[in-house]
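For reference, my_file06.cif (mmCIF, C-alpha atoms and all ligand atoms):
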```cif
data_input
#
loop_
_atom_site.group_PDB
_atom_site.id
_atom_site.type_symbol
_atom_site.label_atom_id
_atom_site.label_comp_id
_atom_site.auth_asym_id
_atom_site.auth_seq_id
_atom_site.Cartn_x
_atom_site.Cartn_y
_atom_site.Cartn_z
ATOM 1 C CA MET I 1 -6.974 -28.402 18.332
ATOM 2 C CA ASN I 2 -4.252 -31.067 18.181
ATOM 3 C CA ILE I 3 -0.884 -30.683 16.471
ATOM 4 C CA GLU I 4 -1.993 -32.662 13.403
ATOM 5 C CA SER I 5 -4.976 -30.426 12.696
ATOM 6 C CA LYS I 6 -2.823 -27.351 13.327
ATOM 7 C CA ILE I 7 -0.380 -28.545 10.657
ATOM 8 C CA LYS I 8 -3.286 -29.231 8.271
ATOM 9 C CA LYS I 9 -4.587 -25.731 8.831
ATOM 10 C CA LEU I 10 -1.115 -24.299 8.247
ATOM 11 C CA LYS I 11 -0.927 -26.120 4.895
ATOM 12 C CA ARG I 12 -4.348 -24.853 3.815
ATOM 13 C CA ASN I 13 -3.461 -21.282 4.720
ATOM 14 C CA TRP I 14 0.146 -21.223 3.521
ATOM 15 C CA LEU I 15 -0.401 -18.209 1.276
ATOM 16 C CA ARG I 16 -1.559 -16.077 4.191
ATOM 17 C CA TYR I 17 1.443 -17.020 6.328
ATOM 18 C CA PHE I 18 3.709 -16.343 3.372
ATOM 19 C CA MET I 19 2.159 -12.877 3.101
ATOM 20 C CA PHE I 20 2.777 -12.296 6.815
ATOM 21 C CA ILE I 21 6.483 -12.807 6.123
ATOM 22 C CA VAL I 22 6.256 -10.501 3.102
ATOM 23 C CA GLY I 23 4.659 -7.870 5.377
ATOM 24 C CA PHE I 24 7.647 -8.034 7.724
ATOM 25 C CA LEU I 25 10.111 -7.804 4.851
ATOM 26 C CA LEU I 26 8.310 -4.828 3.322
ATOM 27 C CA LEU I 27 7.773 -2.762 6.443
ATOM 28 C CA VAL I 28 9.864 -3.777 9.425
ATOM 29 C CA SER I 29 13.565 -3.063 9.890
ATOM 30 C CA PRO I 30 16.223 -4.262 9.460
ATOM 31 C CA PHE I 31 14.568 -5.136 6.075
ATOM 32 C CA ALA I 32 12.018 -2.315 5.533
ATOM 33 C CA LEU I 33 12.106 -2.808 1.770
ATOM 34 C CA VAL I 34 9.377 -0.269 1.058
ATOM 35 C CA ALA I 35 11.173 2.453 3.015
ATOM 36 C CA ARG I 36 14.541 1.547 1.508
ATOM 37 C CA THR I 37 13.139 1.625 -2.024
ATOM 38 C CA GLY I 38 11.461 4.953 -1.323
ATOM 39 C CA LEU I 39 14.691 6.513 -0.060
ATOM 40 C CA TYR I 40 16.611 5.085 -3.010
ATOM 41 C CA LEU I 41 14.126 6.627 -5.459
ATOM 42 C CA MET I 42 14.422 9.951 -3.611
ATOM 43 C CA GLY I 43 18.188 9.731 -4.023
ATOM 44 C CA THR I 44 18.949 9.885 -0.311
ATOM 45 C CA THR I 45 19.849 7.673 2.596
ATOM 46 C CA ASN I 46 18.616 10.159 5.187
ATOM 47 C CA ASN I 47 15.226 9.222 6.428
ATOM 48 C CA PRO I 48 13.124 12.404 6.611
ATOM 49 C CA ALA I 49 10.396 10.512 8.458
ATOM 50 C CA TRP I 50 12.582 9.774 11.427
ATOM 51 C CA GLN I 51 12.668 13.177 13.011
ATOM 52 C CA GLN I 52 14.598 12.693 16.227
ATOM 53 C CA ALA I 53 17.067 10.599 14.281
ATOM 54 C CA SER I 54 19.099 8.290 16.428
ATOM 55 C CA THR I 55 19.618 6.111 13.394
ATOM 56 C CA ASP I 56 19.263 6.406 9.646
ATOM 57 C CA ILE I 57 18.037 2.853 9.231
ATOM 58 C CA PRO I 58 14.645 2.999 7.525
ATOM 59 C CA ASP I 59 12.049 1.349 9.703
ATOM 60 C CA ILE I 60 8.328 1.135 10.262
ATOM 61 C CA HIS I 61 8.200 4.805 11.266
ATOM 62 C CA SER I 62 8.769 5.633 7.600
ATOM 63 C CA THR I 63 5.516 3.969 6.638
ATOM 64 C CA CYS I 64 3.577 4.409 9.869
ATOM 65 C CA LEU I 65 -0.190 4.202 9.485
ATOM 66 C CA ARG I 66 -1.090 5.509 12.938
ATOM 67 C CA MET I 67 0.475 8.930 12.565
ATOM 68 C CA THR I 68 -1.026 9.302 9.113
ATOM 69 C CA VAL I 69 -4.506 8.760 10.585
ATOM 70 C CA ASP I 70 -3.669 11.755 12.814
ATOM 71 C CA TRP I 71 -2.606 13.825 9.854
ATOM 72 C CA ILE I 72 -5.658 13.016 7.757
ATOM 73 C CA PHE I 73 -7.886 14.468 10.441
ATOM 74 C CA ASN I 74 -5.762 17.432 11.467
ATOM 75 C CA GLY I 75 -5.312 18.462 7.842
ATOM 76 C CA ASP I 76 -1.533 17.950 7.632
ATOM 77 C CA ILE I 77 -1.443 14.891 5.442
ATOM 78 C CA LEU I 78 -0.782 16.442 2.006
ATOM 79 C CA GLU I 79 1.905 18.736 3.396
ATOM 80 C CA ARG I 80 3.631 15.746 5.059
ATOM 81 C CA VAL I 81 3.330 13.559 1.969
ATOM 82 C CA ALA I 82 4.896 16.322 -0.125
ATOM 83 C CA VAL I 83 8.025 16.093 2.065
ATOM 84 C CA TYR I 84 8.071 12.309 2.151
ATOM 85 C CA PRO I 85 5.706 10.429 -0.220
ATOM 86 C CA LEU I 86 5.806 7.153 1.724
ATOM 87 C CA ARG I 87 3.802 8.896 4.412
ATOM 88 C CA GLY I 88 0.903 8.596 1.965
ATOM 89 C CA MET I 89 0.677 4.814 2.156
ATOM 90 C CA ILE I 90 -2.640 5.005 3.960
ATOM 91 C CA LEU I 91 -4.052 7.126 1.144
ATOM 92 C CA VAL I 92 -3.560 4.066 -1.078
ATOM 93 C CA LEU I 93 -4.927 1.636 1.520
ATOM 94 C CA LEU I 94 -8.171 3.526 2.174
ATOM 95 C CA PRO I 95 -9.633 3.209 -1.358
ATOM 96 C CA ILE I 96 -8.484 -0.440 -1.387
ATOM 97 C CA ALA I 97 -10.421 -0.959 1.855
ATOM 98 C CA PHE I 98 -13.470 0.707 0.322
ATOM 99 C CA LEU I 99 -13.407 -1.513 -2.774
ATOM 100 C CA PHE I 100 -11.990 -4.800 -1.440
ATOM 101 C CA GLY I 101 -12.002 -4.591 2.366
ATOM 102 C CA PRO I 102 -9.093 -4.084 4.795
ATOM 103 C CA LEU I 103 -6.752 -6.483 3.002
ATOM 104 C CA PHE I 104 -3.711 -4.851 4.598
ATOM 105 C CA CYS I 105 -4.933 -5.834 8.071
ATOM 106 C CA GLY I 106 -5.647 -9.457 7.189
ATOM 107 C CA TRP I 107 -2.649 -10.145 4.975
ATOM 108 C CA LEU I 108 0.257 -7.763 5.586
ATOM 109 C CA CYS I 109 0.096 -5.939 8.914
ATOM 110 C CA PRO I 110 3.206 -6.988 10.870
ATOM 111 C CA ALA I 111 1.750 -6.114 14.295
ATOM 112 C CA GLY I 112 -1.497 -8.048 13.801
ATOM 113 C CA SER I 113 0.105 -11.025 12.071
ATOM 114 C CA PHE I 114 2.749 -11.242 14.811
ATOM 115 C CA THR I 115 0.232 -11.689 17.638
ATOM 116 C CA GLU I 116 -2.117 -13.833 15.561
ATOM 117 C CA SER I 117 0.670 -16.255 14.589
ATOM 118 C CA LEU I 118 2.021 -16.509 18.161
ATOM 119 C CA SER I 119 -1.464 -16.999 19.538
ATOM 120 C CA ARG I 120 -1.956 -20.038 17.319
ATOM 121 C CA LEU I 121 0.842 -21.782 19.200
ATOM 122 C CA VAL I 122 -1.063 -21.504 22.480
ATOM 123 C CA PRO I 123 -3.779 -24.079 23.326
ATOM 124 C CA SER I 124 -7.313 -22.612 23.387
ATOM 125 C CA LYS I 125 -7.828 -23.437 27.051
ATOM 126 C CA PHE I 126 -5.231 -20.795 27.988
ATOM 127 C CA LYS I 127 -6.849 -18.078 25.878
ATOM 128 C CA MET I 128 -9.562 -15.584 26.769
ATOM 129 C CA ASN I 129 -12.608 -15.891 24.602
ATOM 130 C CA LEU I 130 -14.347 -12.592 23.953
ATOM 131 C CA SER I 131 -15.784 -13.732 20.644
ATOM 132 C CA ASN I 132 -19.335 -13.139 21.821
ATOM 133 C CA ALA I 133 -18.568 -9.539 22.773
ATOM 134 C CA SER I 134 -18.885 -7.268 19.765
ATOM 135 C CA PRO I 135 -15.961 -4.847 20.055
ATOM 136 C CA THR I 136 -17.268 -2.469 17.387
ATOM 137 C CA ALA I 137 -18.332 0.298 19.797
ATOM 138 C CA ILE I 138 -14.953 0.294 21.618
ATOM 139 C CA ARG I 139 -13.115 0.120 18.306
ATOM 140 C CA TYR I 140 -14.784 3.213 16.847
ATOM 141 C CA GLY I 141 -14.763 4.918 20.251
ATOM 142 C CA PHE I 142 -10.983 4.535 20.344
ATOM 143 C CA LEU I 143 -10.719 5.875 16.789
ATOM 144 C CA ALA I 144 -12.859 8.873 17.730
ATOM 145 C CA ALA I 145 -10.675 9.596 20.797
ATOM 146 C CA PHE I 146 -7.512 9.211 18.707
ATOM 147 C CA VAL I 147 -8.789 11.641 16.081
ATOM 148 C CA THR I 148 -10.069 14.112 18.690
ATOM 149 C CA LEU I 149 -6.663 14.139 20.339
ATOM 150 C CA ALA I 150 -4.952 14.665 16.979
ATOM 151 C CA VAL I 151 -7.105 17.696 16.240
ATOM 152 C CA GLY I 152 -6.748 18.938 19.837
ATOM 153 C CA ILE I 153 -2.953 18.742 19.629
ATOM 154 C CA LYS I 154 -3.013 20.920 16.531
ATOM 155 C CA PHE I 155 -5.150 23.650 18.069
ATOM 156 C CA SER I 156 -4.278 23.612 21.763
ATOM 157 C CA ASP I 157 -0.818 24.066 23.263
ATOM 158 C CA VAL I 158 -2.038 22.565 26.553
ATOM 159 C CA ILE I 159 -3.197 19.348 24.856
ATOM 160 C CA LYS I 160 -0.016 19.337 22.788
ATOM 161 C CA ALA I 161 2.158 19.541 25.886
ATOM 162 C CA LYS I 162 0.346 16.678 27.582
ATOM 163 C CA PHE I 163 -0.506 14.324 24.750
ATOM 164 C CA SER I 164 1.755 14.911 21.732
ATOM 165 C CA SER I 165 3.686 11.699 22.326
ATOM 166 C CA VAL I 166 0.647 9.482 23.005
ATOM 167 C CA CYS I 167 0.382 8.187 19.436
ATOM 168 C CA CYS I 168 3.931 6.803 19.434
ATOM 169 C CA SER I 169 4.184 5.800 23.097
ATOM 170 C CA TYR I 170 1.276 3.380 22.810
ATOM 171 C CA CYS I 171 2.093 2.084 19.335
ATOM 172 C CA ASN I 172 2.018 -1.629 18.555
ATOM 173 C CA PHE I 173 3.686 -1.070 15.146
ATOM 174 C CA ALA I 174 6.698 0.551 16.839
ATOM 175 C CA LEU I 175 6.954 -2.316 19.326
ATOM 176 C CA THR I 176 6.872 -4.913 16.549
ATOM 177 C CA ASN I 177 9.711 -3.083 14.875
ATOM 178 C CA ARG I 178 11.711 -2.868 18.088
ATOM 179 C CA ILE I 179 11.384 -6.573 18.814
ATOM 180 C CA ILE I 180 12.194 -7.757 15.294
ATOM 181 C CA GLU I 181 15.035 -5.301 14.769
ATOM 182 C CA GLY I 182 16.474 -6.145 18.177
ATOM 183 C CA ALA I 183 16.315 -9.873 17.415
ATOM 184 C CA PHE I 184 17.838 -9.640 13.925
ATOM 185 C CA LEU I 185 20.574 -7.186 14.762
ATOM 186 C CA LEU I 186 21.176 -9.014 18.019
ATOM 187 C CA ASP I 187 20.821 -5.674 19.720
ATOM 188 C CA LEU I 188 19.985 -6.738 23.257
ATOM 189 C CA ARG I 189 19.629 -3.143 24.367
ATOM 190 C CA ASP I 190 16.831 -2.589 21.844
ATOM 191 C CA LEU I 191 15.303 -5.966 22.477
ATOM 192 C CA PHE I 192 15.217 -5.839 26.242
ATOM 193 C CA PHE I 193 16.140 -2.443 27.663
ATOM 194 C CA GLY I 194 16.552 0.452 25.224
ATOM 195 C CA HIS I 195 13.642 2.895 24.841
ATOM 196 C CA TRP I 196 11.358 0.790 27.029
ATOM 197 C CA THR I 197 9.344 3.544 28.640
ATOM 198 C CA SER I 198 6.520 2.679 31.019
ATOM 199 C CA ALA I 199 3.984 3.447 28.227
ATOM 200 C CA ALA I 200 5.790 1.044 25.891
ATOM 201 C CA LEU I 201 5.836 -1.646 28.572
ATOM 202 C CA ILE I 202 2.107 -1.254 29.211
ATOM 203 C CA THR I 203 1.415 -1.474 25.478
ATOM 204 C CA LEU I 204 3.700 -4.483 25.153
ATOM 205 C CA PHE I 205 1.828 -6.257 27.936
ATOM 206 C CA LEU I 206 -1.610 -5.463 26.519
ATOM 207 C CA TRP I 207 -0.847 -5.862 22.817
ATOM 208 C CA LEU I 208 1.423 -8.886 22.881
ATOM 209 C CA PHE I 209 0.088 -10.861 25.847
ATOM 210 C CA VAL I 210 -3.406 -9.926 27.081
ATOM 211 C CA PHE I 211 -5.009 -9.015 23.730
ATOM 212 C CA GLY I 212 -2.589 -11.020 21.587
ATOM 213 C CA ILE I 213 -1.069 -14.349 22.526
ATOM 214 C CA PHE I 214 -3.627 -15.107 25.236
ATOM 215 C CA MET I 215 -6.709 -13.924 23.353
ATOM 216 C CA GLN I 216 -8.856 -16.096 21.112
ATOM 217 C CA GLY I 217 -7.766 -15.317 17.540
ATOM 218 C CA GLY I 218 -4.736 -13.279 18.688
ATOM 219 C CA ARG I 219 -6.202 -10.074 17.248
ATOM 220 C CA GLY I 220 -7.754 -8.444 20.308
ATOM 221 C CA PHE I 221 -5.558 -5.339 20.039
ATOM 222 C CA CYS I 222 -6.504 -4.975 16.347
ATOM 223 C CA ASN I 223 -10.172 -5.313 17.246
ATOM 224 C CA PHE I 224 -10.205 -2.778 20.058
ATOM 225 C CA PHE I 225 -7.282 -0.379 19.757
ATOM 226 C CA CYS I 226 -5.992 0.055 16.202
ATOM 227 C CA PRO I 227 -7.054 3.384 14.678
ATOM 228 C CA ALA I 228 -5.620 2.487 11.250
ATOM 229 C CA GLY I 229 -7.594 -0.761 11.175
ATOM 230 C CA ALA I 230 -10.788 0.905 12.424
ATOM 231 C CA LEU I 231 -10.592 3.541 9.709
ATOM 232 C CA GLN I 232 -10.168 0.888 7.016
ATOM 233 C CA SER I 233 -13.065 -1.117 8.470
ATOM 234 C CA LEU I 234 -15.300 1.941 8.443
ATOM 235 C CA LEU I 235 -14.579 2.408 4.740
ATOM 236 C CA HIS I 236 -15.178 -1.285 4.101
ATOM 237 C CA PHE I 237 -18.528 -1.057 5.879
ATOM 238 C CA LEU I 238 -19.550 1.918 3.731
ATOM 239 C CA GLY I 239 -18.216 0.329 0.535
ATOM 240 C CA SER I 240 -19.924 -2.984 1.224
ATOM 241 C CA LYS I 241 -23.300 -1.302 0.751
ATOM 242 C CA LEU I 242 -22.521 -0.953 -2.958
ATOM 243 C CA ARG I 243 -23.021 -3.781 -5.421
ATOM 244 C CA PHE I 244 -19.710 -3.393 -7.264
ATOM 245 C CA THR I 245 -17.446 -3.708 -4.196
ATOM 246 C CA TYR I 246 -15.965 -6.962 -2.915
ATOM 247 C CA LYS I 247 -16.887 -8.503 0.441
ATOM 248 C CA ILE I 248 -17.270 -11.852 2.140
ATOM 249 C CA ARG I 249 -20.722 -13.101 1.203
ATOM 250 C CA VAL I 250 -22.794 -15.916 2.617
ATOM 251 C CA ASP I 251 -25.051 -18.243 0.667
ATOM 252 C CA GLN I 252 -27.447 -19.247 3.429
ATOM 253 C CA SER I 253 -28.929 -22.060 1.293
ATOM 254 C CA LYS I 254 -25.587 -23.937 1.401
ATOM 255 C CA CYS I 255 -24.865 -23.380 5.107
ATOM 256 C CA ASN I 256 -25.444 -26.265 7.512
ATOM 257 C CA ASP I 257 -24.664 -24.325 10.717
ATOM 258 C CA CYS I 258 -21.481 -26.244 11.525
ATOM 259 C CA TRP I 259 -19.803 -23.036 12.881
ATOM 260 C CA HIS I 260 -16.374 -23.912 11.480
ATOM 261 C CA CYS I 261 -16.231 -20.454 9.950
ATOM 262 C CA LYS I 262 -17.113 -18.717 13.216
ATOM 263 C CA ASN I 263 -14.507 -20.697 15.141
ATOM 264 C CA SER I 264 -11.788 -19.928 12.596
ATOM 265 C CA CYS I 265 -12.367 -16.169 12.363
ATOM 266 C CA PRO I 266 -9.481 -14.419 14.172
ATOM 267 C CA VAL I 267 -11.377 -11.156 14.642
ATOM 268 C CA TRP I 268 -14.762 -12.529 15.771
ATOM 269 C CA ALA I 269 -16.535 -11.122 12.730
ATOM 270 C CA ILE I 270 -18.963 -14.009 12.280
ATOM 271 C CA GLN I 271 -22.082 -13.681 14.344
ATOM 272 C CA SER I 272 -24.179 -16.402 15.898
ATOM 273 C CA GLY I 273 -27.652 -17.225 14.667
ATOM 274 C CA SER I 274 -27.846 -17.377 10.886
ATOM 275 C CA ILE I 275 -24.312 -16.793 9.613
ATOM 276 C CA LYS I 276 -23.717 -13.077 9.169
ATOM 277 C CA ILE I 277 -20.471 -11.161 8.593
ATOM 278 C CA ASP I 278 -19.761 -8.089 10.719
ATOM 279 C CA ARG I 279 -18.212 -5.700 8.192
ATOM 280 C CA HIS I 280 -16.906 -3.489 11.019
ATOM 281 C CA LEU I 281 -14.549 -6.284 12.078
ATOM 282 C CA CYS I 282 -13.867 -8.515 9.055
ATOM 283 C CA ASN I 283 -10.281 -8.055 7.819
ATOM 284 C CA MET I 284 -10.646 -10.175 4.645
ATOM 285 C CA CYS I 285 -8.322 -12.919 5.825
ATOM 286 C CA LYS I 286 -10.561 -15.524 4.096
ATOM 287 C CA GLU I 287 -9.959 -18.131 6.798
ATOM 288 C CA CYS I 288 -13.718 -18.725 6.911
ATOM 289 C CA ILE I 289 -13.868 -19.509 3.176
ATOM 290 C CA ILE I 290 -11.088 -22.074 3.569
ATOM 291 C CA GLU I 291 -12.752 -23.659 6.592
ATOM 292 C CA CYS I 292 -16.233 -23.931 5.094
ATOM 293 C CA ASN I 293 -16.648 -27.375 3.563
ATOM 294 C CA HIS I 294 -19.965 -26.482 1.957
ATOM 295 C CA GLY I 295 -18.943 -23.594 -0.284
ATOM 296 C CA ALA I 296 -21.325 -21.273 1.536
ATOM 297 C CA LEU I 297 -18.859 -18.365 1.757
ATOM 298 C CA SER I 298 -17.210 -16.394 -1.018
ATOM 299 C CA PHE I 299 -15.176 -13.248 -1.606
ATOM 300 C CA SER I 300 -17.144 -11.653 -4.365
ATOM 301 C CA ARG I 301 -19.133 -8.674 -5.584
ATOM 302 C CA GLY I 302 -22.838 -8.237 -5.182
ATOM 303 C CA PRO I 303 -25.469 -7.064 -2.734
HETATM 304 S S1 LIG I 401 -18.477 -23.125 7.836
HETATM 305 FE FE1 LIG I 401 -19.893 -22.927 6.080
HETATM 306 S S2 LIG I 401 -21.487 -24.414 6.490
HETATM 307 FE FE2 LIG I 401 -20.400 -24.128 8.436
HETATM 308 S S3 LIG I 401 -21.560 -22.512 9.515
HETATM 309 FE FE3 LIG I 401 -19.947 -21.474 8.324
HETATM 310 S S4 LIG I 401 -20.903 -20.931 6.364
HETATM 311 FE FE4 LIG I 401 -22.209 -22.458 7.340
HETATM 312 S S1 LIG I 402 -15.264 -13.132 8.425
HETATM 313 FE FE1 LIG I 402 -13.911 -14.521 7.301
HETATM 314 S S2 LIG I 402 -12.636 -13.176 6.027
HETATM 315 FE FE2 LIG I 402 -13.605 -11.895 7.606
HETATM 316 S S3 LIG I 402 -12.059 -11.819 9.235
HETATM 317 FE FE3 LIG I 402 -13.468 -13.509 9.746
HETATM 318 S S4 LIG I 402 -12.502 -15.338 8.858
HETATM 319 FE FE4 LIG I 402 -11.515 -13.554 7.947
#
```
Give the structure from this file in structure tokens form.
Amino acid sequence: MNIESKIKKLKRNWLRYFMFIVGFLLLVSPFALVARTGLYLMGTTNNPAWQQASTDIPDIHSTCLRMTVDWIFNGDILERVAVYPLRGMILVLLPIAFLFGPLFCGWLCPAGSFTESLSRLVPSKFKMNLSNASPTAIRYGFLAAFVTLAVGIKFSDVIKAKFSSVCCSYCNFALTNRIIEGAFLLDLRDLFFGHWTSAALITLFLWLFVFGIFMQGGRGFCNFFCPAGALQSLLHFLGSKLRFTYKIRVDQSKCNDCWHCKNSCPVWAIQSGSIKIDRHLCNMCKECIIECNHGALSFSRGP
């Protein structure tokens, strides 16, 4: 795609890019407006979510979705939310995903939007194309392993000793926060050296480069390794069976098989053959609707 068509695409999708910025402002420090507002309403500046506090600055840990997936399945979630209500953000996102799809993933997630946006700057010839490989099995397999570990940590001291830090060590949300905070506060230690464990470096390499910038769509990490996204997708898949829920729908009679929608989908959710949406992957970004010149796609209710 040449520069001119990239600019055209940017203009058509301005609202989505605007929402990416909003996502950063709401969740990522040094802004973290959701966390700041929450602390203000609680009448404190101490961040109870940041347990080994090296700083009181609210950051993405305050609204982390990964750890809350752990807590849902090990039964701790209500107890944790009682201490710090912002921990319950995922409890709001799950019914939204059931009724309207994983809108958070497609419109607000700072980690996913970061890699997707950077990937768009790279010419397609430098990017791996796995769009014909359906990642659904790996995606749910990873979620199952993540949940199993969470439950195992609760009931086994041996598992706890070995794996209790896995969730955070391999976290793309935490890395997004570290990079952005380091850049804005001009904290070179945070940006380049501080806290960069070997696990964080491996995750950085996989999330940002292999499955991000140099992957078709820039959302490979979301597709394969995000437990929060997989859980929302599972609910979207179940919800999409019902007539009153919203989903991307295809009017086959209007489709002329041009494949513009398939090529624009960042998460490879549009399958070959007659156009079909994979509900296990679709993150409701609506890029396909914008790209379709024949009005064959819509975000609407129905069978
Ligand atoms: S962009 Fe529209 S017309 Fe083209 S293949 Fe997709 S649904 Fe069909
Ligand atoms: S199918 Fe459409 S709405 Fe769903 S992720 Fe792909 S481009 Fe976005």
Closest atom pairs, residues of chain I within 7 Å of ligand LIG 401 (chain I), only C-alpha atoms and all ligand atoms, as CSV:
```
residue,atom,partner,partner_atom,distance
I:Val250,CA,I:LIG401,S4,6.5
I:Lys254,CA,I:LIG401,S2,6.6
I:Cys255,CA,I:LIG401,FE4,3.6
I:Asn256,CA,I:LIG401,S2,4.5
I:Asp257,CA,I:LIG401,S3,3.8
I:Cys258,CA,I:LIG401,FE2,3.9
I:Trp259,CA,I:LIG401,S3,3.8
I:His260,CA,I:LIG401,S1,4.3
I:Cys261,CA,I:LIG401,S1,4.1
I:Lys262,CA,I:LIG401,FE3,6.3
I:Ile275,CA,I:LIG401,S4,6.3
I:Cys288,CA,I:LIG401,S1,6.5
I:Glu291,CA,I:LIG401,S1,5.9
I:Cys292,CA,I:LIG401,S1,3.6
I:Asn293,CA,I:LIG401,FE1,6.1
I:His294,CA,I:LIG401,S2,5.2
I:Gly295,CA,I:LIG401,FE1,6.5
I:Ala296,CA,I:LIG401,S4,4.9
I:Leu297,CA,I:LIG401,S4,5.7
```
(request) Tell me which residues the PyMOL selection byres (((not hetatm)) within 8 of (chain I and resi 402)) grabs here, as a list in words. (result) Gly106, Ile248, Cys261, Lys262, Ser264, Cys265, Pro266, Val267, Trp268, Ala269, Ile270, Ile277, Asp278, Arg279, Leu281, Cys282, Asn283, Met284, Cys285, Lys286, Glu287, Cys288 and Ile289 of chain I
Within 10 Å of stretch 12-28 of chain I: each stretch 125-244 of chain I residue with its shortest pair, all atoms listed in the file, as a tab-separated table:
```
residue	atom	partner	partner_atom	distance
I:Phe173	CA	I:Val28	CA	8.8
I:Ala174	CA	I:Val28	CA	9.2
I:Thr176	CA	I:Val28	CA	7.8
I:Asn177	CA	I:Val28	CA	5.5
I:Arg178	CA	I:Val28	CA	8.9
I:Ile179	CA	I:Val28	CA	9.9
I:Ile180	CA	I:Val28	CA	7.5
I:Glu181	CA	I:Val28	CA	7.6
```
(message) Rounded to one decimal, what separation in Å do you get between atom CA of I:Gly212 and atom CA of I:Val69?
(response) 22.7 Å
What's the 10 Å shell around I:Gly239, counting only C-alpha atoms, without same-chain residues fewer than 6 positions away, as a compact mmCIF listing (two decimals) with C-alpha atoms, in the coordinates of the input?
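Listing of result-v7.txt after writing:
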```txt
# COMPACT_ATOMS: atom_id res chain seq x y z
CA PRO I 95 -9.63 3.21 -1.36
CA ILE I 96 -8.48 -0.44 -1.39
CA ALA I 97 -10.42 -0.96 1.86
CA PHE I 98 -13.47 0.71 0.32
CA LEU I 99 -13.41 -1.51 -2.77
CA PHE I 100 -11.99 -4.80 -1.44
CA GLY I 101 -12.00 -4.59 2.37
CA SER I 233 -13.06 -1.12 8.47
CA THR I 245 -17.45 -3.71 -4.20
CA TYR I 246 -15.96 -6.96 -2.92
CA LYS I 247 -16.89 -8.50 0.44
CA ARG I 279 -18.21 -5.70 8.19
```
(request) Just the residues within 8 Å of I:Arg139, please, counting all atoms listed in the file, with nothing from its chain fewer than 2 positions along; format it as a PyMOL selection string. (result) chain I and resi 135-137+141-143+223-227+230
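Picture a line from atom CA of I:Cys105 to atom CA of I:Cys222; it runs 8.5 Å.
The residue that comes closest to I:Ile202, out of I:Leu231, I:Lys154, I:Asp251, I:Asn172 and on the basis of all atoms listed in the file, is I:Asn172.
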(request) Calculate how many Å separate atom CA of I:Ser298 from atom CA of I:Trp107, rounding to one decimal. (result) 16.9 Å
So for stretch 299-303 of chain I, what box centre and size do we get, axis-aligned, 3 Å extra on each of the six sides, every listed atom, Å to one decimal, as lines of an AutoDock Vina configuration file?
```
center_x = -20.3
center_y = -10.2
center_z = -3.6
size_x = 16.3
size_y = 12.2
size_z = 10.0
```
(message) Need to verify the contact set: I:Asn129, 12 Å, only C-alpha atoms, exclusion of same-chain residues closer than 6 positions in sequence. Can you return it as a PyMOL selection string?
(response) chain I and resi 210-220+263+266-268
(request) Rank nothing, just name the residue among I:Met128, I:Leu33, I:Leu206, I:Cys109 nearest to I:Leu65, using only C-alpha atoms. (result) I:Cys109
(message) What would the selection look like, as a VMD selection string, if the PyMOL selection byres (((chain I and resi 81) around 12) and not hetatm) were run on the coordinates I just shared?
(response) chain I and resid 48 to 49 62 to 63 67 to 68 71 to 72 75 to 80 82 to 91
(request) Tell me which of I:Leu103, I:Ile3, I:Cys171, I:Ile159 sits closest to I:His61, counting only C-alpha atoms. (result) I:Cys171
